[in-house]
>>> print(open('upload.cif').read())   # mmCIF, C-alpha atoms
data_upload
loop_
_atom_site.label_atom_id
_atom_site.label_comp_id
_atom_site.auth_asym_id
_atom_site.auth_seq_id
_atom_site.Cartn_x
_atom_site.Cartn_y
_atom_site.Cartn_z
CA MET A 26 0.00 0.00 0.00
CA ALA A 27 1.42 3.37 -0.99
CA ALA A 28 2.11 5.88 1.74
CA SER A 29 0.68 9.37 1.70
CA VAL A 30 2.91 12.37 2.17
CA THR A 31 1.57 15.78 3.18
CA VAL A 32 3.25 18.84 1.71
CA THR A 33 2.52 22.57 1.90
CA ALA A 34 3.61 23.53 -1.65
CA ALA A 35 2.18 22.17 -4.89
CA PRO A 36 4.71 19.43 -5.78
CA TRP A 37 3.10 18.73 -9.16
CA LYS A 38 3.66 22.30 -10.34
CA GLN A 39 7.41 21.84 -10.75
CA LEU A 40 6.77 18.61 -12.66
CA LEU A 41 4.51 20.56 -15.01
CA ILE A 42 7.04 23.39 -15.40
CA ASN A 43 9.74 20.81 -16.22
CA ALA A 44 7.47 19.12 -18.77
CA LEU A 45 6.73 22.46 -20.43
CA ALA A 46 10.46 23.21 -20.62
CA SER A 47 11.48 19.82 -22.02
CA ASN A 48 8.71 19.92 -24.63
CA SER A 49 8.97 23.63 -25.46
CA HIS A 50 10.34 22.91 -28.97
CA LEU A 51 6.91 21.44 -29.80
CA LYS A 52 4.31 24.11 -30.55
CA HIS A 53 1.46 21.90 -29.37
CA SER A 54 2.97 21.53 -25.88
CA SER A 55 1.07 24.63 -24.70
CA TYR A 56 -2.30 23.14 -25.73
CA PHE A 57 -4.49 20.97 -23.52
CA GLN A 58 -8.08 19.76 -23.34
CA LEU A 59 -10.63 21.41 -21.04
CA ALA A 60 -13.69 19.35 -20.12
CA THR A 61 -16.92 20.72 -18.67
CA ILE A 62 -20.42 19.39 -18.01
CA GLY A 63 -23.18 20.53 -20.36
CA SER A 64 -26.66 21.60 -19.28
CA ASP A 65 -27.91 18.19 -20.43
CA GLY A 66 -25.46 16.40 -18.14
CA ARG A 67 -23.24 15.28 -21.00
CA PRO A 68 -19.48 15.94 -21.12
CA SER A 69 -18.22 18.77 -23.30
CA ASN A 70 -14.57 19.04 -24.34
CA ARG A 71 -12.31 21.36 -26.33
CA THR A 72 -8.67 22.32 -26.83
CA VAL A 73 -7.43 25.54 -25.21
CA VAL A 74 -4.10 27.32 -24.75
CA PHE A 75 -2.12 27.55 -21.51
CA ARG A 76 -1.71 31.24 -20.60
CA GLY A 77 0.52 30.75 -17.58
CA PHE A 78 -0.02 30.60 -13.84
CA VAL A 79 -1.55 33.35 -11.76
CA GLU A 80 1.44 35.02 -10.09
CA ASN A 81 2.66 33.28 -6.91
CA SER A 82 0.10 30.49 -7.20
CA ASP A 83 -0.63 27.20 -8.96
CA LYS A 84 -3.82 28.53 -10.60
CA ILE A 85 -3.94 28.01 -14.36
CA GLN A 86 -5.02 30.77 -16.77
CA ILE A 87 -7.01 30.28 -19.98
CA ASN A 88 -8.27 32.98 -22.35
CA THR A 89 -11.63 32.43 -24.00
CA ASP A 90 -14.62 34.12 -25.59
CA SER A 91 -17.46 34.95 -23.18
CA ARG A 92 -19.95 33.99 -25.90
CA THR A 93 -18.82 30.35 -26.09
CA ARG A 94 -20.86 27.48 -24.69
CA LYS A 95 -18.29 26.63 -22.02
CA ILE A 96 -19.03 29.88 -20.17
CA GLU A 97 -22.67 28.93 -19.56
CA GLU A 98 -21.58 25.42 -18.66
CA LEU A 99 -19.07 26.71 -16.10
CA LYS A 100 -21.63 29.07 -14.62
CA GLN A 101 -23.94 26.11 -14.05
CA CYS A 102 -21.17 23.81 -12.79
CA SER A 103 -17.82 25.41 -11.97
CA PHE A 104 -15.97 22.08 -11.79
CA SER A 105 -13.74 21.21 -14.73
CA GLU A 106 -10.84 18.96 -15.65
CA ILE A 107 -7.98 19.47 -18.05
CA CYS A 108 -5.96 16.73 -19.69
CA TRP A 109 -2.47 17.63 -20.84
CA TYR A 110 -0.19 15.16 -22.62
CA PHE A 111 3.44 15.88 -23.47
CA THR A 112 4.46 13.77 -26.45
CA ASP A 113 8.25 13.98 -26.05
CA SER A 114 8.50 13.22 -22.33
CA TRP A 115 5.48 10.86 -22.26
CA GLU A 116 3.87 12.66 -19.33
CA GLN A 117 0.17 13.19 -18.69
CA PHE A 118 -1.41 15.64 -16.25
CA ARG A 119 -5.11 15.42 -15.44
CA ILE A 120 -5.93 18.47 -13.33
CA ASN A 121 -9.36 19.13 -11.92
CA GLY A 122 -10.80 21.85 -9.77
CA ARG A 123 -13.07 24.88 -9.81
CA VAL A 124 -12.94 27.48 -12.57
CA ASP A 125 -13.43 31.18 -11.90
CA VAL A 126 -15.03 32.97 -14.86
CA ILE A 127 -13.69 36.53 -15.06
CA ASP A 128 -15.49 38.64 -17.65
CA GLY A 129 -15.88 42.42 -17.88
CA SER A 130 -18.77 42.43 -15.40
CA HIS A 131 -16.84 40.78 -12.58
CA PHE A 132 -17.19 42.54 -9.23
CA ASP A 133 -13.58 42.02 -8.03
CA PRO A 134 -11.21 44.81 -9.22
CA VAL A 135 -8.15 42.62 -8.58
CA LYS A 136 -9.51 39.92 -10.88
CA LEU A 137 -10.43 42.51 -13.49
CA GLN A 138 -6.79 43.67 -13.43
CA LEU A 139 -5.75 40.05 -13.94
CA ARG A 140 -8.07 39.87 -16.96
CA GLU A 141 -6.60 43.06 -18.39
CA LYS A 142 -3.05 41.80 -17.86
CA SER A 143 -3.88 38.58 -19.70
CA TRP A 144 -5.43 40.59 -22.55
CA PHE A 145 -2.29 42.65 -23.11
CA ALA A 146 -0.09 39.54 -22.79
CA SER A 147 -1.84 38.13 -25.87
CA SER A 148 -0.82 39.03 -29.40
CA VAL A 149 -2.92 41.53 -31.34
CA ARG A 150 -3.80 38.75 -33.78
CA SER A 151 -5.12 36.66 -30.90
CA ARG A 152 -7.16 39.60 -29.58
CA LEU A 153 -8.81 40.12 -32.97
CA GLN A 154 -10.73 36.86 -32.71
CA TYR A 155 -12.91 38.42 -29.98
CA LEU A 156 -14.23 40.97 -32.49
CA GLY A 157 -15.63 38.29 -34.77
CA PRO A 158 -19.20 36.94 -34.87
CA ASN A 159 -20.61 34.77 -32.07
CA PRO A 160 -18.80 31.42 -31.90
CA GLY A 161 -20.98 28.39 -32.59
CA LEU A 162 -23.72 30.25 -34.47
CA PRO A 163 -24.40 29.75 -38.21
CA CYS A 164 -21.92 31.59 -40.42
CA LEU A 165 -23.76 34.45 -42.17
CA SER A 166 -20.82 36.26 -43.77
CA GLU A 167 -17.33 35.64 -45.09
CA GLN A 168 -15.72 38.39 -43.01
CA THR A 169 -12.09 37.61 -42.21
CA SER A 170 -9.85 38.84 -39.39
CA ASP A 171 -7.98 40.94 -41.97
CA GLU A 172 -11.06 43.19 -42.19
CA LEU A 173 -11.18 43.80 -38.44
CA PHE A 174 -9.34 46.61 -36.67
CA LEU A 175 -8.22 46.77 -33.07
CA ASP A 176 -6.32 49.54 -31.30
CA PRO A 177 -3.34 47.71 -29.71
CA SER A 178 -3.43 50.09 -26.74
CA ALA A 179 -7.15 49.55 -26.03
CA GLY A 180 -8.23 47.41 -23.07
CA PRO A 181 -10.16 44.13 -23.22
CA VAL A 182 -13.25 44.00 -25.41
CA ALA A 183 -16.53 42.76 -23.91
CA ALA A 184 -16.20 39.26 -25.40
CA PHE A 185 -12.80 38.62 -23.78
CA CYS A 186 -12.98 36.36 -20.76
CA LEU A 187 -10.30 34.95 -18.47
CA LEU A 188 -10.76 31.52 -16.91
CA VAL A 189 -8.76 30.65 -13.81
CA LEU A 190 -8.62 26.98 -12.82
CA ASP A 191 -7.90 26.42 -9.12
CA PRO A 192 -6.52 22.84 -8.96
CA GLN A 193 -7.87 20.50 -6.28
CA GLN A 194 -6.59 17.18 -7.62
CA VAL A 195 -3.78 16.31 -10.03
CA ASP A 196 -3.32 12.84 -11.53
CA TYR A 197 0.26 12.64 -12.88
CA LEU A 198 1.38 9.77 -15.09
CA ASN A 199 4.91 9.23 -16.43
CA LEU A 200 4.76 6.54 -19.11
CA LYS A 201 8.55 6.32 -19.47
CA SER A 202 9.05 5.36 -15.83
CA SER A 203 5.59 3.73 -15.43
CA GLN A 204 4.99 5.86 -12.33
CA ARG A 205 1.73 7.50 -11.37
CA THR A 206 1.07 9.88 -8.48
CA MET A 207 -2.18 11.38 -7.25
CA TYR A 208 -1.95 14.82 -5.65
CA THR A 209 -4.95 15.99 -3.62
CA PHE A 210 -5.48 19.39 -2.02
CA GLY A 211 -6.90 19.44 1.49
CA GLN A 212 -6.09 20.23 5.11
CA ASN A 213 -3.70 18.59 7.55
CA VAL A 214 -4.43 17.74 11.20
CA ASN A 215 -3.67 21.35 12.14
CA GLY A 216 -6.27 22.66 9.72
CA GLU A 217 -3.65 24.08 7.34
CA ASN A 218 -4.08 23.89 3.57
CA CYS A 219 -1.71 21.39 2.01
CA TRP A 220 -1.13 18.96 -0.85
CA ASN A 221 -1.21 15.24 -0.17
CA SER A 222 0.62 12.93 -2.60
CA GLU A 223 0.22 9.20 -3.03
CA ARG A 224 1.83 6.76 -5.47
CA ILE A 225 -0.83 4.71 -7.26
CA ASN A 226 -0.75 1.99 -9.90
CA PRO A 227 -0.36 3.22 -13.49
#
>>> encode(input="upload.cif", output="structure tokens")
Amino acid sequence: MAASVTVTAAPWKQLLINALASNSHLKHSSYFQLATIGSDGRPSNRTVVFRGFVENSDKIQINTDSRTRKIEELKQCSFSEICWYFTDSWEQFRINGRVDVIDGSHFDPVKLQLREKSWFASSVRSRLQYLGPNPGLPCLSEQTSDELFLDPSAGPVAAFCLLVLDPQQVDYLNLKSSQRTMYTFGQNVNGENCWNSERINP
């Protein structure tokens, strides 16, 4: 039986940082799948881009369009899971937790600043996609991004939304070493927040 070890930092974060570094020559290494639960109870999945960690934390940032279906799904059920596979190092991270939806109407000024920072960290080309027609609706015109204009110094447009995933459980699998570890966030006997890690069968 595997022993559990309680830690105060997020031990999986360094594993993820190392995986990102060792796979950085692969453009797809910054892409992962984000799964949510639809209003009909069925799973809904899509590929998104890693936009870094919230400063001094292990929270994961994702940029998205506030008009997409995942926003309504997350408002109904804030739990989500991402699946991230690194093809060169043969490592998989399944990270689940609650997602904070930060759009322009958010009440917290600190989170609105985080949204604005993420907006300006994106390329102008990336920002242009938020000026297009509503995602998922029938295409009524052939307008291209080349026809859109955006002032590079202007703040986030209404459609821009920042998602922040607060991890609560991380399932890490290394296929090269055939090792798998489950990291779970909780409290120790003193009531302090901590990460608990346990080796499990691959």
>>> resolve_selection(input="upload.cif", expression="the PyMOL selection byres ((chain A and resi 115) around 9)", output="PyMOL selection string")
chain A and resi 110-114+116-117+198-201
>>> atom_distance(input="upload.cif", atom1="CA of Thr89 (chain A)", atom2="CA of Ser130 (chain A)")
15.0 Å
>>> closest_residue(input="upload.cif", among="A:Thr209, A:Ser49, A:Ser54, A:Asn215", to="Ala34 (chain A)", atoms="only C-alpha atoms")
A:Thr209
>>> atom_distance(input="upload.cif", atom1="CA of Leu156 (chain A)", atom2="CA of Ser105 (chain A)")
26.6 Å
>>> resolve_selection(input="upload.cif", expression="the PyMOL selection byres ((chain A and resi 72) around 9)", output="number ranges by chain")
A: 56-60, 70-71, 73-74
>>> resolve_selection(input="upload.cif", expression="the PyMOL selection byres ((chain A and resi 118) around 6)", output="compact mmCIF listing (two decimals) with C-alpha atoms, in the frame of the given file")
# COMPACT_ATOMS: atom_id res chain seq x y z
CA CYS A 108 -5.96 16.73 -19.69
CA TRP A 109 -2.47 17.63 -20.84
CA GLN A 117 0.17 13.19 -18.69
CA ARG A 119 -5.11 15.42 -15.44
CA ASP A 196 -3.32 12.84 -11.53
CA TYR A 197 0.26 12.64 -12.88
>>> residues_around(input="upload.cif", residues="Val195 (chain A)", least_positions_apart="4", cutoff="9 Å", atoms="all atoms listed in the file", output="VMD selection string")
chain A and resid 37 118 to 122 206 to 210
>>> write_last_selection(input="upload.cif", atoms="C-alpha atoms", output="CSV table (one decimal), in the coordinates of the input")
chain,number,residue,atom,x,y,z
A,37,TRP,CA,3.1,18.7,-9.2
A,118,PHE,CA,-1.4,15.6,-16.2
A,119,ARG,CA,-5.1,15.4,-15.4
A,120,ILE,CA,-5.9,18.5,-13.3
A,121,ASN,CA,-9.4,19.1,-11.9
A,122,GLY,CA,-10.8,21.8,-9.8
A,206,THR,CA,1.1,9.9,-8.5
A,207,MET,CA,-2.2,11.4,-7.2
A,208,TYR,CA,-2.0,14.8,-5.6
A,209,THR,CA,-5.0,16.0,-3.6
A,210,PHE,CA,-5.5,19.4,-2.0
